[in-house]
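K.L.:
Next comes model.tsv, TSV, N, CA and C atoms:
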```
chain	number	residue	atom	x	y	z
L	26	MET	N	-4.12	21.11	4.11
L	26	MET	CA	-3.38	20.34	5.11
L	26	MET	C	-3.50	18.86	4.76
L	27	GLU	N	-2.39	18.19	4.74
L	27	GLU	CA	-2.35	16.78	4.39
L	27	GLU	C	-2.71	15.92	5.59
L	28	ALA	N	-3.61	14.94	5.36
L	28	ALA	CA	-4.00	14.02	6.44
L	28	ALA	C	-2.87	13.05	6.70
L	29	ARG	N	-2.72	12.65	7.94
L	29	ARG	CA	-1.70	11.67	8.32
L	29	ARG	C	-2.37	10.32	8.43
L	30	ILE	N	-1.77	9.33	7.80
L	30	ILE	CA	-2.27	7.96	7.89
L	30	ILE	C	-1.48	7.26	8.99
L	31	PRO	N	-2.18	6.82	10.05
L	31	PRO	CA	-1.45	6.12	11.10
L	31	PRO	C	-0.96	4.77	10.61
L	32	GLN	N	0.27	4.48	10.92
L	32	GLN	CA	0.84	3.19	10.54
L	32	GLN	C	0.62	2.22	11.69
L	33	THR	N	0.21	1.02	11.35
L	33	THR	CA	0.01	-0.01	12.35
L	33	THR	C	1.34	-0.31	13.02
L	34	LYS	N	1.32	-0.45	14.33
L	34	LYS	CA	2.54	-0.77	15.05
L	34	LYS	C	2.38	-2.06	15.83
L	35	MET	N	1.53	-2.93	15.30
L	35	MET	CA	1.28	-4.19	15.96
L	35	MET	C	2.19	-5.26	15.36
L	36	ILE	N	2.92	-5.94	16.20
L	36	ILE	CA	3.79	-7.01	15.73
L	36	ILE	C	3.00	-8.31	15.80
L	37	VAL	N	2.87	-8.96	14.65
L	37	VAL	CA	2.13	-10.22	14.57
L	37	VAL	C	2.93	-11.22	13.74
L	38	THR	N	2.61	-12.48	13.88
L	38	THR	CA	3.22	-13.52	13.05
L	38	THR	C	2.62	-13.42	11.66
L	39	CYS	N	3.46	-13.48	10.65
L	39	CYS	CA	3.04	-13.36	9.26
L	39	CYS	C	2.11	-14.52	8.88
L	40	PRO	N	0.92	-14.22	8.36
L	40	PRO	CA	0.01	-15.29	7.96
L	40	PRO	C	0.40	-15.97	6.65
L	41	ILE	N	1.38	-15.40	5.93
L	41	ILE	CA	1.82	-16.01	4.68
L	41	ILE	C	2.89	-17.07	4.94
L	42	CYS	N	3.98	-16.68	5.59
L	42	CYS	CA	5.10	-17.62	5.80
L	42	CYS	C	5.05	-18.33	7.16
L	43	HIS	N	4.30	-17.79	8.10
L	43	HIS	CA	4.15	-18.34	9.45
L	43	HIS	C	5.46	-18.38	10.24
L	44	ASN	N	6.50	-17.73	9.75
L	44	ASN	CA	7.79	-17.75	10.43
L	44	ASN	C	8.24	-16.37	10.89
L	45	GLY	N	7.88	-15.34	10.14
L	45	GLY	CA	8.37	-13.99	10.44
L	45	GLY	C	7.42	-13.20	11.30
L	46	GLN	N	7.93	-12.10	11.81
L	46	GLN	CA	7.14	-11.13	12.56
L	46	GLN	C	7.04	-9.85	11.73
L	47	THR	N	5.92	-9.16	11.83
L	47	THR	CA	5.77	-7.92	11.07
L	47	THR	C	6.27	-6.74	11.89
L	48	HIS	N	6.85	-5.78	11.18
L	48	HIS	CA	7.38	-4.56	11.79
L	48	HIS	C	7.04	-3.38	10.89
L	49	PRO	N	6.82	-2.20	11.47
L	49	PRO	CA	6.50	-1.02	10.67
L	49	PRO	C	7.62	-0.71	9.67
L	50	GLY	N	7.22	-0.31	8.48
L	50	GLY	CA	8.17	0.07	7.44
L	50	GLY	C	7.43	0.68	6.27
L	51	HIS	N	8.04	0.63	5.10
L	51	HIS	CA	7.45	1.15	3.88
L	51	HIS	C	7.66	0.13	2.77
L	52	SER	N	6.70	0.09	1.83
L	52	SER	CA	6.77	-0.89	0.75
L	52	SER	C	6.30	-0.26	-0.55
L	53	THR	N	6.49	-0.98	-1.62
L	53	THR	CA	5.95	-0.61	-2.92
L	53	THR	C	4.73	-1.49	-3.17
L	54	ILE	N	3.60	-0.86	-3.49
L	54	ILE	CA	2.34	-1.56	-3.69
L	54	ILE	C	1.84	-1.27	-5.10
L	55	THR	N	1.44	-2.31	-5.82
L	55	THR	CA	0.88	-2.14	-7.16
L	55	THR	C	-0.62	-2.37	-7.10
L	56	VAL	N	-1.37	-1.42	-7.67
L	56	VAL	CA	-2.83	-1.55	-7.76
L	56	VAL	C	-3.18	-1.62	-9.24
L	57	SER	N	-3.81	-2.72	-9.64
L	57	SER	CA	-4.24	-2.89	-11.02
L	57	SER	C	-5.75	-3.02	-11.05
L	58	LYS	N	-6.37	-2.25	-11.92
L	58	LYS	CA	-7.81	-2.34	-12.10
L	58	LYS	C	-8.08	-3.01	-13.43
L	59	PRO	N	-8.85	-4.10	-13.45
L	59	PRO	CA	-9.14	-4.79	-14.71
L	59	PRO	C	-9.67	-3.82	-15.77
L	60	GLY	N	-9.03	-3.81	-16.92
L	60	GLY	CA	-9.44	-2.92	-17.98
L	60	GLY	C	-9.13	-1.46	-17.71
L	61	GLY	N	-8.34	-1.21	-16.67
L	61	GLY	CA	-8.05	0.18	-16.29
L	61	GLY	C	-6.58	0.39	-16.04
L	62	ALA	N	-6.31	1.19	-15.07
L	62	ALA	CA	-4.94	1.62	-14.78
L	62	ALA	C	-4.17	0.60	-13.96
L	63	THR	N	-2.84	0.66	-14.10
L	63	THR	CA	-1.93	-0.03	-13.20
L	63	THR	C	-1.07	1.05	-12.58
L	64	ILE	N	-1.22	1.21	-11.27
L	64	ILE	CA	-0.51	2.27	-10.56
L	64	ILE	C	0.44	1.61	-9.56
L	65	VAL	N	1.70	2.03	-9.59
L	65	VAL	CA	2.70	1.55	-8.64
L	65	VAL	C	2.93	2.67	-7.64
L	66	PHE	N	2.64	2.40	-6.38
L	66	PHE	CA	2.82	3.37	-5.30
L	66	PHE	C	4.09	3.02	-4.53
L	67	LYS	N	4.99	3.97	-4.41
L	67	LYS	CA	6.23	3.78	-3.65
L	67	LYS	C	6.07	4.42	-2.27
L	68	ASP	N	6.85	3.95	-1.32
L	68	ASP	CA	6.89	4.52	0.04
L	68	ASP	C	5.55	4.45	0.76
L	69	VAL	N	4.85	3.32	0.62
L	69	VAL	CA	3.56	3.12	1.29
L	69	VAL	C	3.82	2.60	2.70
L	70	PRO	N	3.24	3.27	3.72
L	70	PRO	CA	3.41	2.76	5.09
L	70	PRO	C	2.73	1.40	5.23
L	71	ALA	N	3.48	0.44	5.75
L	71	ALA	CA	2.96	-0.92	5.88
L	71	ALA	C	3.70	-1.64	6.99
L	72	ASP	N	3.11	-2.72	7.45
L	72	ASP	CA	3.82	-3.64	8.33
L	72	ASP	C	4.45	-4.68	7.42
L	73	ILE	N	5.75	-4.92	7.57
L	73	ILE	CA	6.51	-5.79	6.68
L	73	ILE	C	7.00	-7.01	7.46
L	74	CYS	N	6.80	-8.19	6.87
L	74	CYS	CA	7.31	-9.43	7.48
L	74	CYS	C	8.83	-9.44	7.39
L	75	ASP	N	9.48	-9.71	8.50
L	75	ASP	CA	10.95	-9.73	8.51
L	75	ASP	C	11.53	-11.01	7.90
L	76	ASN	N	10.67	-11.96	7.53
L	76	ASN	CA	11.14	-13.20	6.90
L	76	ASN	C	10.88	-13.20	5.39
L	77	CYS	N	9.65	-12.95	4.97
L	77	CYS	CA	9.30	-13.05	3.55
L	77	CYS	C	9.06	-11.69	2.88
L	78	ASN	N	9.11	-10.59	3.65
L	78	ASN	CA	8.93	-9.23	3.15
L	78	ASN	C	7.52	-8.93	2.65
L	79	GLU	N	6.54	-9.73	3.00
L	79	GLU	CA	5.16	-9.46	2.60
L	79	GLU	C	4.68	-8.19	3.32
L	80	PRO	N	4.13	-7.22	2.55
L	80	PRO	CA	3.62	-6.00	3.19
L	80	PRO	C	2.15	-6.14	3.55
L	81	TYR	N	1.78	-5.54	4.66
L	81	TYR	CA	0.39	-5.49	5.11
L	81	TYR	C	0.05	-4.04	5.37
L	82	VAL	N	-0.99	-3.52	4.67
L	82	VAL	CA	-1.37	-2.12	4.85
L	82	VAL	C	-2.65	-2.04	5.67
L	83	SER	N	-2.81	-0.91	6.35
L	83	SER	CA	-4.00	-0.69	7.17
L	83	SER	C	-5.21	-0.42	6.27
L	84	GLU	N	-6.38	-0.47	6.86
L	84	GLU	CA	-7.61	-0.14	6.14
L	84	GLU	C	-7.56	1.27	5.57
L	85	GLU	N	-7.04	2.20	6.36
L	85	GLU	CA	-6.97	3.60	5.93
L	85	GLU	C	-6.04	3.76	4.73
L	86	VAL	N	-4.89	3.12	4.77
L	86	VAL	CA	-3.94	3.19	3.66
L	86	VAL	C	-4.54	2.52	2.43
L	87	SER	N	-5.18	1.38	2.61
L	87	SER	CA	-5.82	0.68	1.50
L	87	SER	C	-6.87	1.56	0.83
L	88	ALA	N	-7.68	2.24	1.64
L	88	ALA	CA	-8.71	3.14	1.10
L	88	ALA	C	-8.08	4.27	0.29
L	89	CYS	N	-6.98	4.83	0.78
L	89	CYS	CA	-6.28	5.90	0.05
L	89	CYS	C	-5.72	5.38	-1.27
L	90	LEU	N	-5.12	4.20	-1.25
L	90	LEU	CA	-4.58	3.62	-2.48
L	90	LEU	C	-5.68	3.41	-3.52
L	91	LEU	N	-6.80	2.85	-3.09
L	91	LEU	CA	-7.89	2.59	-4.03
L	91	LEU	C	-8.49	3.87	-4.57
L	92	GLU	N	-8.63	4.89	-3.73
L	92	GLU	CA	-9.18	6.17	-4.18
L	92	GLU	C	-8.25	6.83	-5.20
L	93	GLN	N	-6.94	6.79	-4.94
L	93	GLN	CA	-5.99	7.37	-5.88
L	93	GLN	C	-5.97	6.59	-7.19
L	94	ALA	N	-6.13	5.27	-7.12
L	94	ALA	CA	-6.18	4.45	-8.34
L	94	ALA	C	-7.45	4.78	-9.14
L	95	ARG	N	-8.58	4.96	-8.45
L	95	ARG	CA	-9.82	5.34	-9.13
L	95	ARG	C	-9.68	6.68	-9.83
L	96	ALA	N	-9.09	7.65	-9.13
L	96	ALA	CA	-8.90	8.98	-9.72
L	96	ALA	C	-7.98	8.92	-10.94
L	97	ALA	N	-6.94	8.11	-10.86
L	97	ALA	CA	-6.02	7.97	-12.00
L	97	ALA	C	-6.73	7.34	-13.19
L	98	THR	N	-7.53	6.31	-12.94
L	98	THR	CA	-8.28	5.66	-14.01
L	98	THR	C	-9.25	6.64	-14.65
L	99	LYS	N	-9.93	7.41	-13.82
L	99	LYS	CA	-10.89	8.40	-14.31
L	99	LYS	C	-10.19	9.46	-15.17
L	100	ALA	N	-8.94	9.79	-14.84
L	100	ALA	CA	-8.16	10.78	-15.58
L	100	ALA	C	-7.54	10.20	-16.85
L	101	GLY	N	-7.74	8.90	-17.08
L	101	GLY	CA	-7.23	8.28	-18.30
L	101	GLY	C	-5.84	7.68	-18.18
L	102	VAL	N	-5.31	7.62	-16.98
L	102	VAL	CA	-3.98	7.04	-16.78
L	102	VAL	C	-4.07	5.53	-17.02
L	103	GLU	N	-3.08	4.99	-17.74
L	103	GLU	CA	-3.03	3.55	-17.94
L	103	GLU	C	-1.95	2.90	-17.08
L	104	VAL	N	-0.76	3.54	-17.01
L	104	VAL	CA	0.34	3.06	-16.18
L	104	VAL	C	0.99	4.26	-15.54
L	105	ASP	N	1.27	4.16	-14.22
L	105	ASP	CA	1.86	5.28	-13.52
L	105	ASP	C	2.66	4.76	-12.33
L	106	VAL	N	3.74	5.45	-12.00
L	106	VAL	CA	4.52	5.17	-10.81
L	106	VAL	C	4.57	6.47	-10.02
L	107	ARG	N	4.16	6.41	-8.74
L	107	ARG	CA	4.12	7.63	-7.93
L	107	ARG	C	4.43	7.32	-6.48
L	108	SER	N	4.83	8.35	-5.76
L	108	SER	CA	5.03	8.21	-4.32
L	108	SER	C	3.68	8.29	-3.65
L	109	PHE	N	3.48	7.47	-2.63
L	109	PHE	CA	2.22	7.48	-1.88
L	109	PHE	C	2.04	8.79	-1.18
L	110	ALA	N	0.86	9.33	-1.25
L	110	ALA	CA	0.51	10.56	-0.52
L	110	ALA	C	-0.82	10.34	0.17
L	111	ALA	N	-0.84	10.56	1.48
L	111	ALA	CA	-2.09	10.41	2.23
L	111	ALA	C	-3.06	11.48	1.74
L	112	ALA	N	-4.30	11.08	1.54
L	112	ALA	CA	-5.30	12.03	1.04
L	112	ALA	C	-5.85	12.90	2.14
```
For this file, produce the structure as structure tokens.
P.N.:
Amino acid sequence: MEARIPQTKMIVTCPICHNGQTHPGHSTITVSKPGGATIVFKDVPADICDNCNEPYVSEEVSACLLEQARAATKAGVEVDVRSFAAA
């Protein structure tokens, strides 16, 4: 059974541009490990700024991304593009 990652539904002012508001959506996130893999995750649940499009992921999503990047590096992957899957 696949775990569900709750998406943040809190609307806040973007700390990057200070003009936009964040709203739930999906983004593409790249995780690069120095000397290791570069993994591009598509369809990652995130809060997206409606002005600058900066994505913000929850702690749970971040932990899943990092764990999947670690597993890919351990498996010898150098570059990969994949759809996000909650662990």
K.L.:
Can you list, as a VMD selection string, every protein, DNA or RNA residue that comes within 8 Å of range 55-65 of chain L when you count all atoms listed in the file, leaving out same-chain residues fewer than 5 positions away?
P.N.:
chain L and resid 90 to 91 93 to 95 97 to 99 101 to 109
K.L.:
Quick one: DSSP strand (DSSP E or B) residues in chain L, as number ranges by chain?
P.N.:
L: 38, 46-57, 63-74, 80-81, 104-108
K.L.:
Within 7 Å of Gly50 in chain L, counting only C-alpha atoms, which residues show up once you throw out same-chain ones fewer than 5 positions away? Write them as a ChimeraX atom specification, please.
P.N.:
/L:70-73
K.L.:
Under the rule that all atoms listed in the file are counted, which of L:Glu84, L:Ala111, L:Glu79, L:Thr53 is the nearest residue to Ile41 in chain L?
P.N.:
L:Glu79
K.L.:
For the atom pair CA of His51 in chain L and CA of Thr38 in chain L, what is the interatomic distance in Å to one decimal place?
P.N.:
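Computing it gives 17.8 Å between the two atoms.
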K.L.:
Figure out the distance between atom N of Lys67 in chain L and atom N of Ala88 in chain L, please, to one decimal in Å.
P.N.:
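Value for the atom N of Ala88 in chain L-atom N of Lys67 in chain L distance: 14.1 Å.
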K.L.:
Could you check the closest approach to Ile54 in chain L for each of L:Val37, L:Asn76, L:Tyr81, L:Cys42 and tell me which residue wins, using only C-alpha atoms?
P.N.:
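Answer, going by the shortest atom-to-atom distance: L:Tyr81.
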K.L.:
Could you work out how far atom N of Ala110 in chain L lies from atom C of Asp68 in chain L, giving the answer in Å with one decimal?
P.N.:
7.1 Å
